[in-house]
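Structure data (mmCIF, C-alpha atoms and all ligand atoms) from work.cif:
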data_final
loop_
_atom_site.label_atom_id
_atom_site.label_comp_id
_atom_site.auth_asym_id
_atom_site.auth_seq_id
_atom_site.Cartn_x
_atom_site.Cartn_y
_atom_site.Cartn_z
CA MET A 1 8.00 -29.50 -15.55
CA LYS A 2 9.49 -27.07 -13.06
CA LYS A 3 7.71 -23.72 -13.30
CA THR A 4 9.28 -20.41 -12.29
CA LYS A 5 6.79 -17.86 -13.66
CA ILE A 6 3.08 -18.48 -13.35
CA MET A 7 1.32 -16.23 -15.83
CA LEU A 8 -2.29 -15.39 -16.61
CA ASP A 9 -3.68 -14.12 -19.89
CA GLU A 10 -4.65 -10.45 -20.27
CA ASN A 11 -8.26 -11.56 -20.49
CA ASP A 12 -7.95 -13.06 -17.00
CA ILE A 13 -7.66 -9.61 -15.39
CA PRO A 14 -10.36 -9.78 -12.70
CA GLY A 15 -13.74 -8.31 -13.69
CA LYS A 16 -14.62 -7.37 -10.10
CA TRP A 17 -12.90 -6.15 -6.97
CA TYR A 18 -13.55 -8.04 -3.72
CA ASN A 19 -15.04 -6.00 -0.87
CA ILE A 20 -14.33 -7.59 2.52
CA LEU A 21 -16.70 -5.30 4.48
CA PRO A 22 -19.77 -7.62 4.41
CA ASP A 23 -17.61 -10.59 5.51
CA MET A 24 -15.97 -9.00 8.55
CA PRO A 25 -16.70 -10.71 11.88
CA THR A 26 -16.98 -7.31 13.61
CA PRO A 27 -18.59 -4.53 11.54
CA LEU A 28 -16.32 -1.57 10.90
CA SER A 29 -16.65 1.45 13.24
CA PRO A 30 -17.63 4.49 11.12
CA PRO A 31 -15.37 7.52 10.60
CA LEU A 32 -16.40 10.38 12.90
CA ASN A 33 -16.68 14.11 12.35
CA PRO A 34 -14.23 15.57 14.92
CA ALA A 35 -16.47 18.59 15.59
CA THR A 36 -19.66 16.65 16.35
CA ASN A 37 -18.38 13.10 17.04
CA GLU A 38 -21.18 11.93 14.70
CA PRO A 39 -20.51 9.46 11.86
CA VAL A 40 -19.38 11.17 8.69
CA GLY A 41 -22.01 11.06 5.92
CA PRO A 42 -21.47 10.91 2.14
CA GLN A 43 -22.15 14.65 1.78
CA ASP A 44 -19.31 15.50 4.20
CA LEU A 45 -16.86 13.78 1.88
CA ALA A 46 -18.28 15.13 -1.39
CA ALA A 47 -16.16 18.30 -1.22
CA ILE A 48 -12.99 16.33 -1.91
CA PHE A 49 -13.96 12.85 -3.25
CA PRO A 50 -16.12 11.74 -6.22
CA MET A 51 -19.46 10.11 -5.30
CA GLU A 52 -18.55 6.74 -6.81
CA LEU A 53 -15.54 6.38 -4.47
CA ILE A 54 -17.64 7.50 -1.48
CA LYS A 55 -20.13 4.76 -2.35
CA GLN A 56 -17.34 2.19 -2.58
CA GLU A 57 -15.99 3.39 0.77
CA MET A 58 -19.27 2.37 2.45
CA SER A 59 -20.54 -0.40 0.17
CA GLN A 60 -21.77 -3.71 1.57
CA ASP A 61 -21.65 -5.41 -1.86
CA ARG A 62 -19.22 -8.34 -1.79
CA PHE A 63 -18.07 -7.77 -5.39
CA ILE A 64 -17.84 -4.46 -7.26
CA PRO A 65 -17.43 -4.47 -11.08
CA ILE A 66 -14.21 -2.97 -12.49
CA PRO A 67 -15.10 -0.57 -15.32
CA ASP A 68 -13.71 -1.58 -18.75
CA GLU A 69 -11.78 1.72 -19.07
CA ILE A 70 -9.80 0.80 -15.93
CA ARG A 71 -9.18 -2.79 -17.08
CA GLU A 72 -7.92 -1.39 -20.41
CA ILE A 73 -5.16 0.46 -18.57
CA TYR A 74 -4.48 -2.43 -16.19
CA ARG A 75 -3.62 -4.39 -19.37
CA SER A 76 -0.31 -2.50 -19.66
CA TRP A 77 1.10 -4.55 -16.77
CA ARG A 78 -1.65 -6.81 -15.38
CA PRO A 79 -2.02 -9.65 -14.68
CA SER A 80 1.26 -9.28 -12.84
CA PRO A 81 3.53 -12.33 -12.74
CA MET A 82 3.74 -14.78 -9.87
CA TYR A 83 7.11 -16.41 -9.26
CA ARG A 84 8.14 -19.57 -7.49
CA ALA A 85 11.32 -18.63 -5.60
CA HIS A 86 13.26 -21.80 -6.52
CA LYS A 87 16.65 -20.09 -6.18
CA LEU A 88 15.85 -18.54 -2.80
CA GLU A 89 14.50 -21.89 -1.55
CA ALA A 90 17.76 -23.56 -2.59
CA VAL A 91 19.87 -20.95 -0.78
CA LEU A 92 17.78 -21.38 2.37
CA LYS A 93 17.72 -25.20 2.00
CA THR A 94 14.07 -25.15 3.03
CA PRO A 95 11.42 -27.75 2.26
CA ALA A 96 8.88 -24.86 2.11
CA LYS A 97 7.61 -23.65 -1.26
CA ILE A 98 7.91 -19.88 -1.60
CA TYR A 99 5.79 -17.95 -4.11
CA TYR A 100 5.71 -14.21 -4.66
CA LYS A 101 3.46 -11.88 -6.59
CA TYR A 102 5.50 -9.15 -8.27
CA GLU A 103 3.87 -5.70 -8.41
CA GLY A 104 7.09 -3.92 -9.42
CA VAL A 105 6.15 -4.47 -13.10
CA SER A 106 3.79 -1.46 -13.14
CA PRO A 107 5.18 1.65 -14.88
CA ALA A 108 5.57 3.41 -11.51
CA GLY A 109 7.27 0.34 -10.02
CA SER A 110 4.80 -0.57 -7.26
CA HIS A 111 1.24 -1.75 -6.56
CA LYS A 112 0.03 1.85 -6.11
CA PRO A 113 -1.18 2.39 -9.71
CA ASN A 114 -3.88 -0.29 -9.10
CA THR A 115 -5.81 2.31 -7.08
CA ALA A 116 -4.39 5.47 -8.69
CA ILE A 117 -5.85 4.45 -12.07
CA ALA A 118 -9.25 3.75 -10.51
CA GLN A 119 -9.29 7.02 -8.55
CA ALA A 120 -8.27 9.13 -11.56
CA TYR A 121 -10.95 7.42 -13.66
CA TYR A 122 -13.87 8.13 -11.28
CA ASN A 123 -12.73 11.75 -10.84
CA MET A 124 -12.54 12.20 -14.61
CA LYS A 125 -16.04 10.65 -15.01
CA GLU A 126 -17.47 13.12 -12.51
CA GLY A 127 -16.00 16.10 -14.36
CA LYS A 128 -13.02 16.97 -12.16
CA GLU A 129 -10.02 18.52 -13.92
CA ARG A 130 -7.29 18.19 -11.33
CA LEU A 131 -6.24 15.97 -8.41
CA ALA A 132 -4.20 17.12 -5.43
CA THR A 133 -2.24 14.74 -3.24
CA GLU A 134 0.74 14.42 -0.94
CA THR A 135 3.72 12.15 -1.25
CA GLY A 136 6.53 11.22 1.11
CA ALA A 137 9.12 9.07 -0.60
CA GLY A 138 7.40 9.62 -3.96
CA GLN A 139 5.86 6.20 -4.74
CA TRP A 140 2.28 7.40 -4.42
CA GLY A 141 2.92 10.72 -6.15
CA SER A 142 4.42 8.96 -9.16
CA ALA A 143 1.52 6.46 -9.32
CA LEU A 144 -1.03 9.27 -9.33
CA ALA A 145 0.98 11.30 -11.87
CA LEU A 146 0.91 8.25 -14.17
CA ALA A 147 -2.83 7.75 -13.64
CA THR A 148 -3.84 11.39 -14.18
CA THR A 149 -1.84 11.62 -17.38
CA MET A 150 -3.68 8.51 -18.69
CA PHE A 151 -7.06 10.22 -18.17
CA GLY A 152 -6.06 13.76 -19.18
CA LEU A 153 -6.29 15.25 -15.68
CA LYS A 154 -3.88 17.67 -14.05
CA CYS A 155 -2.06 16.59 -10.92
CA SER A 156 -0.58 18.63 -8.06
CA VAL A 157 1.73 16.80 -5.71
CA TYR A 158 2.80 18.23 -2.36
CA MET A 159 6.06 16.44 -1.71
CA VAL A 160 7.60 16.45 1.77
CA LYS A 161 10.45 18.98 1.41
CA ILE A 162 13.19 16.75 2.73
CA SER A 163 12.28 14.02 0.18
CA PHE A 164 11.96 16.66 -2.55
CA GLN A 165 15.61 17.48 -1.88
CA GLN A 166 16.85 13.93 -1.21
CA LYS A 167 14.87 11.98 -3.85
CA PRO A 168 15.19 14.15 -6.98
CA TYR A 169 14.53 11.27 -9.38
CA ARG A 170 11.09 10.40 -8.00
CA LYS A 171 10.31 14.10 -8.49
CA SER A 172 11.61 13.95 -12.08
CA LEU A 173 9.42 10.91 -12.74
CA MET A 174 6.30 12.77 -11.57
CA GLN A 175 7.23 15.74 -13.75
CA LEU A 176 7.83 13.44 -16.70
CA TRP A 177 4.22 12.27 -16.31
CA GLY A 178 3.05 15.88 -16.27
CA ALA A 179 2.48 16.53 -12.56
CA ASP A 180 3.23 19.82 -10.79
CA VAL A 181 5.44 18.95 -7.85
CA VAL A 182 5.96 21.45 -5.04
CA ALA A 183 8.02 21.10 -1.90
CA SER A 184 5.82 21.08 1.20
CA PRO A 185 5.38 23.26 3.24
CA SER A 186 4.70 25.59 0.29
CA ALA A 187 3.44 29.15 -0.05
CA LEU A 188 0.50 27.90 -2.17
CA THR A 189 -1.81 27.12 0.78
CA GLN A 190 -2.76 28.75 4.07
CA SER A 191 -1.56 25.72 6.07
CA GLY A 192 1.76 25.78 4.21
CA LYS A 193 2.20 29.54 4.71
CA LYS A 194 1.45 29.28 8.44
CA MET A 195 4.04 26.58 8.81
CA LEU A 196 6.65 28.56 6.84
CA GLU A 197 6.08 31.68 8.96
CA LYS A 198 6.67 29.67 12.12
CA TYR A 199 9.42 27.40 10.80
CA PRO A 200 11.02 28.85 7.62
CA ASP A 201 13.42 25.87 7.46
CA SER A 202 10.81 23.15 8.10
CA PRO A 203 11.83 19.86 6.40
CA GLY A 204 8.09 19.11 6.04
CA SER A 205 6.18 15.99 7.02
CA LEU A 206 3.48 13.78 5.57
CA GLY A 207 1.01 15.40 7.98
CA ILE A 208 1.68 18.92 6.68
CA ALA A 209 1.61 17.76 3.06
CA ILE A 210 -1.80 16.09 3.60
CA SER A 211 -3.15 19.33 5.08
CA GLU A 212 -1.94 21.26 2.02
CA ALA A 213 -3.40 18.81 -0.51
CA VAL A 214 -6.76 18.61 1.30
CA GLU A 215 -6.94 22.39 1.54
CA ASP A 216 -6.10 22.74 -2.17
CA ALA A 217 -8.92 20.31 -3.08
CA ALA A 218 -11.43 21.85 -0.67
CA THR A 219 -10.84 25.38 -1.98
CA HIS A 220 -10.95 24.60 -5.73
CA ASP A 221 -14.17 23.42 -7.39
CA ASN A 222 -12.43 21.64 -10.25
CA THR A 223 -10.08 19.77 -7.89
CA ASN A 224 -10.43 16.67 -5.71
CA TYR A 225 -8.11 14.93 -3.27
CA ALA A 226 -6.65 11.41 -3.65
CA LEU A 227 -5.16 9.17 -0.97
CA GLY A 228 -2.86 6.23 -1.74
CA SER A 229 -3.68 3.91 1.18
CA VAL A 230 -5.65 3.56 4.47
CA LEU A 231 -9.19 4.15 3.10
CA ASN A 232 -11.57 1.27 2.35
CA HIS A 233 -11.83 2.02 -1.38
CA VAL A 234 -8.03 1.79 -1.69
CA MET A 235 -8.02 -1.66 -0.03
CA LEU A 236 -10.82 -2.65 -2.43
CA HIS A 237 -8.91 -1.63 -5.59
CA GLN A 238 -5.81 -3.52 -4.49
CA THR A 239 -7.69 -6.85 -4.31
CA VAL A 240 -6.88 -7.41 -8.00
CA ILE A 241 -3.52 -8.63 -6.65
CA GLY A 242 -4.97 -11.41 -4.49
CA LEU A 243 -7.70 -12.36 -6.97
CA GLU A 244 -5.04 -12.96 -9.62
CA ALA A 245 -2.79 -14.73 -7.11
CA LYS A 246 -5.58 -17.19 -6.31
CA GLU A 247 -5.93 -18.10 -10.00
CA GLN A 248 -2.17 -18.42 -10.38
CA LEU A 249 -1.78 -20.73 -7.38
CA ALA A 250 -4.76 -22.77 -8.58
CA GLN A 251 -2.86 -23.35 -11.84
CA VAL A 252 -0.15 -25.16 -9.87
CA GLU A 253 -2.72 -26.70 -7.51
CA GLU A 254 -1.56 -24.91 -4.37
CA TYR A 255 -3.19 -22.94 -1.59
CA PRO A 256 -1.05 -20.86 0.79
CA ASP A 257 -0.45 -21.66 4.47
CA TYR A 258 1.07 -18.18 4.94
CA ILE A 259 0.29 -14.92 3.15
CA ILE A 260 2.70 -12.12 3.91
CA GLY A 261 2.69 -8.40 3.06
CA SER A 262 4.42 -5.27 4.31
CA VAL A 263 2.16 -2.70 5.96
CA GLY A 264 2.38 1.07 5.78
CA GLY A 265 -1.27 2.05 5.49
CA GLY A 266 -2.22 -1.55 4.71
CA SER A 267 -3.11 -1.55 1.01
CA ASN A 268 -0.69 -4.04 -0.56
CA PHE A 269 -1.22 -6.43 2.36
CA ALA A 270 -5.00 -6.08 1.97
CA GLY A 271 -4.64 -6.57 -1.78
CA ILE A 272 -2.85 -9.89 -1.57
CA SER A 273 -4.60 -11.30 1.50
CA PHE A 274 -8.30 -10.30 1.45
CA PRO A 275 -9.39 -12.62 -1.39
CA PHE A 276 -7.90 -15.55 0.58
CA LEU A 277 -9.33 -14.29 3.88
CA MET A 278 -12.75 -14.49 2.20
CA ASP A 279 -12.33 -18.31 2.32
CA LYS A 280 -11.05 -18.22 5.90
CA LEU A 281 -13.96 -16.08 7.08
CA LYS A 282 -16.39 -18.50 5.41
CA GLY A 283 -14.66 -21.30 7.33
CA SER A 284 -13.66 -23.20 4.19
CA LYS A 285 -9.86 -22.70 4.44
CA ASP A 286 -7.29 -22.04 7.09
CA VAL A 287 -4.58 -19.55 6.23
CA THR A 288 -2.29 -17.36 8.34
CA ALA A 289 -2.00 -13.80 7.01
CA ILE A 290 0.92 -11.82 8.43
CA ALA A 291 1.20 -8.01 8.29
CA VAL A 292 4.84 -6.92 8.51
CA GLU A 293 5.84 -3.52 9.84
CA PRO A 294 9.09 -1.75 10.75
CA ASP A 295 9.86 -1.74 14.48
CA ALA A 296 10.53 2.00 14.07
CA CYS A 297 6.80 2.50 13.39
CA PRO A 298 5.13 -0.57 14.99
CA THR A 299 1.52 0.52 14.56
CA LEU A 300 -0.19 -2.87 14.88
CA THR A 301 2.22 -4.60 17.25
CA ALA A 302 2.70 -1.69 19.68
CA GLY A 303 0.06 0.95 18.87
CA GLU A 304 -3.37 1.50 20.46
CA PHE A 305 -6.70 0.61 18.83
CA ARG A 306 -8.76 3.80 19.10
CA TYR A 307 -10.14 6.76 17.17
CA ASP A 308 -7.43 9.09 15.84
CA PHE A 309 -6.85 11.62 13.07
CA GLY A 310 -5.47 10.51 9.71
CA ASP A 311 -3.14 13.53 9.52
CA THR A 312 -0.84 15.31 11.91
CA ALA A 313 -2.72 18.62 11.83
CA GLY A 314 -6.03 16.98 12.80
CA LEU A 315 -8.07 18.10 9.77
CA THR A 316 -9.36 14.68 8.64
CA PRO A 317 -12.27 12.67 10.08
CA LEU A 318 -11.43 10.44 13.06
CA LEU A 319 -10.74 6.82 12.08
CA LYS A 320 -10.86 3.83 14.44
CA MET A 321 -7.49 2.23 13.87
CA TYR A 322 -4.27 1.08 15.44
CA THR A 323 -2.25 4.25 15.89
CA MET A 324 0.98 5.54 17.37
CA GLY A 325 -0.82 8.88 17.92
CA HIS A 326 -1.31 11.40 15.10
CA GLU A 327 1.58 13.55 16.36
CA TYR A 328 4.04 10.68 16.32
CA VAL A 329 6.91 11.34 13.92
CA PRO A 330 8.56 8.04 13.02
CA PRO A 331 12.36 7.89 12.72
CA GLU A 332 13.77 8.43 9.23
CA ILE A 333 14.03 4.78 8.20
CA HIS A 334 14.74 3.95 4.55
CA ALA A 335 11.33 2.30 4.05
CA GLY A 336 9.64 5.71 3.76
CA GLY A 337 6.39 4.10 2.58
CA LEU A 338 5.97 2.40 5.96
CA ARG A 339 6.30 5.56 8.07
CA TYR A 340 2.63 6.19 8.84
CA HIS A 341 1.32 6.69 12.37
CA GLY A 342 -1.98 4.88 11.71
CA ASP A 343 -3.31 2.00 9.64
CA SER A 344 -6.25 0.97 7.51
CA PRO A 345 -9.39 0.70 9.73
CA ILE A 346 -10.24 -2.63 8.04
CA VAL A 347 -6.77 -4.12 8.60
CA SER A 348 -6.90 -2.78 12.18
CA GLN A 349 -10.26 -4.40 12.97
CA LEU A 350 -9.13 -7.72 11.48
CA TYR A 351 -6.04 -7.58 13.69
CA ALA A 352 -8.11 -6.69 16.76
CA ASP A 353 -10.25 -9.77 16.00
CA ARG A 354 -7.08 -11.84 15.44
CA VAL A 355 -8.16 -12.80 11.92
CA ILE A 356 -4.66 -11.70 10.90
CA ASP A 357 -1.25 -11.68 12.62
CA ALA A 358 1.43 -8.99 12.70
CA VAL A 359 5.18 -8.84 13.26
CA ALA A 360 7.78 -6.02 13.33
CA TYR A 361 11.41 -6.12 12.14
CA ARG A 362 14.51 -3.93 12.48
CA GLN A 363 15.77 -2.22 9.35
CA THR A 364 19.21 -3.87 9.20
CA GLU A 365 17.70 -7.38 9.33
CA VAL A 366 15.27 -6.29 6.60
CA PHE A 367 18.13 -5.13 4.35
CA GLU A 368 20.03 -8.36 5.03
CA ALA A 369 16.96 -10.25 3.75
CA ALA A 370 16.73 -7.90 0.73
CA VAL A 371 20.33 -8.68 -0.22
CA THR A 372 19.78 -12.45 0.16
CA PHE A 373 16.74 -12.10 -2.12
CA ALA A 374 18.47 -9.93 -4.75
CA ARG A 375 21.45 -12.32 -4.87
CA SER A 376 19.24 -15.38 -5.37
CA GLU A 377 16.16 -14.22 -7.29
CA GLY A 378 17.82 -11.27 -9.05
CA ILE A 379 15.04 -8.73 -8.53
CA VAL A 380 16.03 -5.66 -6.50
CA PRO A 381 13.29 -5.18 -3.90
CA ALA A 382 12.02 -1.89 -2.48
CA PRO A 383 12.93 -1.44 1.21
CA GLU A 384 9.19 -1.54 2.05
CA SER A 385 8.67 -4.86 0.23
CA SER A 386 11.77 -6.29 1.89
CA HIS A 387 9.87 -6.42 5.18
CA ALA A 388 7.68 -9.12 3.63
CA ILE A 389 10.77 -10.91 2.29
CA LYS A 390 12.30 -11.00 5.78
CA CYS A 391 9.15 -12.61 7.18
CA ALA A 392 8.93 -15.14 4.31
CA ILE A 393 12.57 -16.14 4.92
CA ASP A 394 11.89 -16.55 8.66
CA LYS A 395 8.90 -18.80 7.96
CA ALA A 396 10.92 -20.83 5.44
CA LEU A 397 13.70 -21.31 8.01
CA GLU A 398 11.13 -22.48 10.57
CA CYS A 399 10.05 -25.10 8.03
CA LYS A 400 13.67 -26.17 7.67
CA LYS A 401 13.71 -26.93 11.41
CA THR A 402 10.40 -28.78 11.47
CA GLY A 403 10.74 -30.39 8.03
CA GLU A 404 7.31 -29.10 7.01
CA GLU A 405 6.61 -28.35 3.36
CA LYS A 406 4.47 -25.25 3.91
CA ILE A 407 3.29 -22.98 1.10
CA ILE A 408 4.42 -19.39 1.61
CA LEU A 409 3.06 -16.55 -0.52
CA PHE A 410 4.31 -12.99 -0.19
CA ASN A 411 3.68 -9.75 -2.01
CA LEU A 412 6.73 -8.14 -3.60
CA SER A 413 5.04 -4.72 -3.65
CA GLY A 414 7.68 -2.84 -5.62
CA HIS A 415 11.20 -2.66 -7.03
CA GLY A 416 14.02 -0.75 -5.41
CA HIS A 417 15.60 0.93 -8.45
CA PHE A 418 15.17 4.38 -6.88
CA ASP A 419 16.49 3.18 -3.52
CA MET A 420 20.17 2.71 -4.32
CA GLY A 421 21.10 5.36 -1.74
CA SER A 422 19.56 3.12 0.91
CA TYR A 423 21.50 0.09 -0.31
CA ASP A 424 24.69 2.22 -0.29
CA SER A 425 23.99 3.10 3.32
CA TYR A 426 23.54 -0.60 4.18
CA PHE A 427 26.78 -1.65 2.48
CA SER A 428 28.79 1.22 3.97
CA GLY A 429 27.97 -0.21 7.40
CA ASP A 430 26.51 2.97 8.84
CA MET A 431 22.85 2.01 8.60
CA LYS A 432 21.29 2.14 12.06
CA ASP A 433 18.37 0.36 13.67
CA LEU A 434 16.19 3.32 14.55
CA ASN A 435 13.43 2.97 17.07
C1 LIG A 501 3.61 2.65 -0.41
C2 LIG A 501 4.27 1.34 -0.43
C3 LIG A 501 4.07 0.38 0.60
C4 LIG A 501 3.24 0.64 1.83
O1 LIG A 501 1.92 1.05 1.60
P1 LIG A 501 0.69 0.07 1.82
O2 LIG A 501 -0.51 0.92 1.63
O3 LIG A 501 0.78 -0.47 3.22
O4 LIG A 501 0.81 -1.00 0.81
C5 LIG A 501 4.69 -0.85 0.48
N1 LIG A 501 5.48 -1.14 -0.56
C6 LIG A 501 5.72 -0.25 -1.56
C7 LIG A 501 6.61 -0.64 -2.69
C8 LIG A 501 5.11 1.01 -1.52
O5 LIG A 501 5.32 1.89 -2.51
#
As structure tokens, the full file:
Amino acid sequence: MKKTKIMLDENDIPGKWYNILPDMPTPLSPPLNPATNEPVGPQDLAAIFPMELIKQEMSQDRFIPIPDEIREIYRSWRPSPMYRAHKLEAVLKTPAKIYYKYEGVSPAGSHKPNTAIAQAYYNMKEGKERLATETGAGQWGSALALATTMFGLKCSVYMVKISFQQKPYRKSLMQLWGADVVASPSALTQSGKKMLEKYPDSPGSLGIAISEAVEDAATHDNTNYALGSVLNHVMLHQTVIGLEAKEQLAQVEEYPDYIIGSVGGGSNFAGISFPFLMDKLKGSKDVTAIAVEPDACPTLTAGEFRYDFGDTAGLTPLLKMYTMGHEYVPPEIHAGGLRYHGDSPIVSQLYADRVIDAVAYRQTEVFEAAVTFARSEGIVPAPESSHAIKCAIDKALECKKTGEEKIILFNLSGHGHFDMGSYDSYFSGDMKDLN
């Protein structure tokens, strides 16, 4: 019988996260303290992160148990469905089989709650009362607002001012889940005040918002900081996606030739691909994993692999990663979640070692793919996720030429219900390819 949705039972939610660190061909370069150039130790991070997350950040254990309290909350939307894209395949007339894992079913509408729930949990366990974070487009802020409300924590979100004004409904969603949302730069922190004195009309940036959230956490004992991507523990938490995907494909007796994910900081790509890369690194399977980025912020395909700051102000430890330079301000493309100057150090090292591939696309071709997808499969994709769709369509069209029946798996990281303004811009014909 032809299957469209491949489902797992609630009791099949993975019991462990997969940690790729011990399986990497080149060990990860450690984060460095910018003042001393020495590797950062656990104590340096303890001012803003709970000890359990610091341990996960550095762990060499291949599998790390998922606490029951986290799995209980995952039950609200996990295991997430996997779809076979029969209707898209028919439109493309491809012999390839296209599968996608749909993370838009979470209450916040993306994969980000997979780590937000875990981060809120460990902070609650270690007695913290509040989390501070930044958000650009609002996806991460809404995921953390959801997670903190589940564990009875307070949440302060520094939202880039221009998004605060342009994306009022993401802000409303965060407030609905009990978060305090302030436009950044704000008068609540020294870094915000300094910026406002110099540039009273500053539209804000992710870099400034990170500085404000870190400062808030560092100066309040009851408060920690949370980051939605880039760090090793975030990649770890997202592996529930790929672990489930492996079970789902096994149900239909398939194994992917291609695994595709969009890359901002690297977490949804890591989530879907790392559990399969485990087999590749062991030498038991061959699979091509493709990280897809916007050509307006082509970190992997055109950046440099070197130590750089995680934020614009230069307050964070130095991370060895592909970077456009920490002062690079990407053009205002609609896929706000992909506008980050750097990338996950793990994803970066895997790319440097050519364990994974990367490709960059222009925003109009990405929206064209999004429309093809919405008109065949029905689901409205987020602009970020549509980068993965574009790549999957390209691979399927290659198969049409060669007649090969390849198995393509991509991660549909979120829905686009809050992105109608971007679709309007595409249909009005005035969307530009910015780079
Ligand atoms: C944040 C976001 C991304 C990019 O972040 P990663 O850490 O690279 O996954 C991609 N898709 C959606 C829907 C997002 O919200």
Would you be able to write out as an mmCIF file with C-alpha atoms, keeping the file's coordinate frame which residues have an atom within 12 Å of (-4.2, 17.7, 1.7) in the file's coordinates, counting all atoms listed in the file?
data_model
loop_
_atom_site.group_PDB
_atom_site.id
_atom_site.type_symbol
_atom_site.label_atom_id
_atom_site.label_comp_id
_atom_site.auth_asym_id
_atom_site.auth_seq_id
_atom_site.Cartn_x
_atom_site.Cartn_y
_atom_site.Cartn_z
ATOM 1 C CA ILE A 48 -12.990 16.330 -1.910
ATOM 2 C CA PHE A 49 -13.960 12.850 -3.250
ATOM 3 C CA LEU A 131 -6.240 15.970 -8.410
ATOM 4 C CA ALA A 132 -4.200 17.120 -5.430
ATOM 5 C CA THR A 133 -2.240 14.740 -3.240
ATOM 6 C CA GLU A 134 0.740 14.420 -0.940
ATOM 7 C CA THR A 135 3.720 12.150 -1.250
ATOM 8 C CA SER A 156 -0.580 18.630 -8.060
ATOM 9 C CA VAL A 157 1.730 16.800 -5.710
ATOM 10 C CA TYR A 158 2.800 18.230 -2.360
ATOM 11 C CA MET A 159 6.060 16.440 -1.710
ATOM 12 C CA VAL A 160 7.600 16.450 1.770
ATOM 13 C CA SER A 184 5.820 21.080 1.200
ATOM 14 C CA PRO A 185 5.380 23.260 3.240
ATOM 15 C CA SER A 186 4.700 25.590 0.290
ATOM 16 C CA LEU A 188 0.500 27.900 -2.170
ATOM 17 C CA THR A 189 -1.810 27.120 0.780
ATOM 18 C CA GLN A 190 -2.760 28.750 4.070
ATOM 19 C CA SER A 191 -1.560 25.720 6.070
ATOM 20 C CA GLY A 192 1.760 25.780 4.210
ATOM 21 C CA SER A 205 6.180 15.990 7.020
ATOM 22 C CA LEU A 206 3.480 13.780 5.570
ATOM 23 C CA GLY A 207 1.010 15.400 7.980
ATOM 24 C CA ILE A 208 1.680 18.920 6.680
ATOM 25 C CA ALA A 209 1.610 17.760 3.060
ATOM 26 C CA ILE A 210 -1.800 16.090 3.600
ATOM 27 C CA SER A 211 -3.150 19.330 5.080
ATOM 28 C CA GLU A 212 -1.940 21.260 2.020
ATOM 29 C CA ALA A 213 -3.400 18.810 -0.510
ATOM 30 C CA VAL A 214 -6.760 18.610 1.300
ATOM 31 C CA GLU A 215 -6.940 22.390 1.540
ATOM 32 C CA ASP A 216 -6.100 22.740 -2.170
ATOM 33 C CA ALA A 217 -8.920 20.310 -3.080
ATOM 34 C CA ALA A 218 -11.430 21.850 -0.670
ATOM 35 C CA THR A 219 -10.840 25.380 -1.980
ATOM 36 C CA THR A 223 -10.080 19.770 -7.890
ATOM 37 C CA ASN A 224 -10.430 16.670 -5.710
ATOM 38 C CA TYR A 225 -8.110 14.930 -3.270
ATOM 39 C CA ALA A 226 -6.650 11.410 -3.650
ATOM 40 C CA LEU A 227 -5.160 9.170 -0.970
ATOM 41 C CA GLY A 310 -5.470 10.510 9.710
ATOM 42 C CA ASP A 311 -3.140 13.530 9.520
ATOM 43 C CA THR A 312 -0.840 15.310 11.910
ATOM 44 C CA ALA A 313 -2.720 18.620 11.830
ATOM 45 C CA GLY A 314 -6.030 16.980 12.800
ATOM 46 C CA LEU A 315 -8.070 18.100 9.770
ATOM 47 C CA THR A 316 -9.360 14.680 8.640
#
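Here the question is which of A:Val263, A:Ala392, A:Leu45, A:Leu319 gets nearest to Gly336 of chain A using all atoms listed in the file, and that residue is A:Val263.
The nearest approach to ligand LIG 501 (chain A) among the residues A:Ala137, A:Leu300, A:Ala358, A:Val366, with only C-alpha atoms and all ligand atoms taken into account, belongs to A:Ala137.
Proximity ranking of A:Val359, A:Lys16, A:Asp343, A:Ser413 relative to Ser106 of chain A places A:Ser413 first, based on only C-alpha atoms.
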Neighbouring residues of Phe151 of chain A were defined as those with any atom within 10 Å, considering all atoms listed in the file; residues of the same chain fewer than 3 positions away were excluded. Please report them as a CSV table (one decimal) with C-alpha atoms, in the frame of the given file.
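Generated file (selection17.csv):
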chain,number,residue,atom,x,y,z
A,69,GLU,CA,-11.8,1.7,-19.1
A,73,ILE,CA,-5.2,0.5,-18.6
A,117,ILE,CA,-5.8,4.4,-12.1
A,120,ALA,CA,-8.3,9.1,-11.6
A,121,TYR,CA,-11.0,7.4,-13.7
A,122,TYR,CA,-13.9,8.1,-11.3
A,123,ASN,CA,-12.7,11.8,-10.8
A,124,MET,CA,-12.5,12.2,-14.6
A,125,LYS,CA,-16.0,10.6,-15.0
A,129,GLU,CA,-10.0,18.5,-13.9
A,146,LEU,CA,0.9,8.2,-14.2
A,147,ALA,CA,-2.8,7.8,-13.6
A,148,THR,CA,-3.8,11.4,-14.2
A,154,LYS,CA,-3.9,17.7,-14.0
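Minimum atom-to-atom distance to ligand LIG 501 (chain A), evaluated using only C-alpha atoms and all ligand atoms, belongs to A:Gly337 out of A:Gly337, A:Gly429, A:Gly136, A:Pro39.
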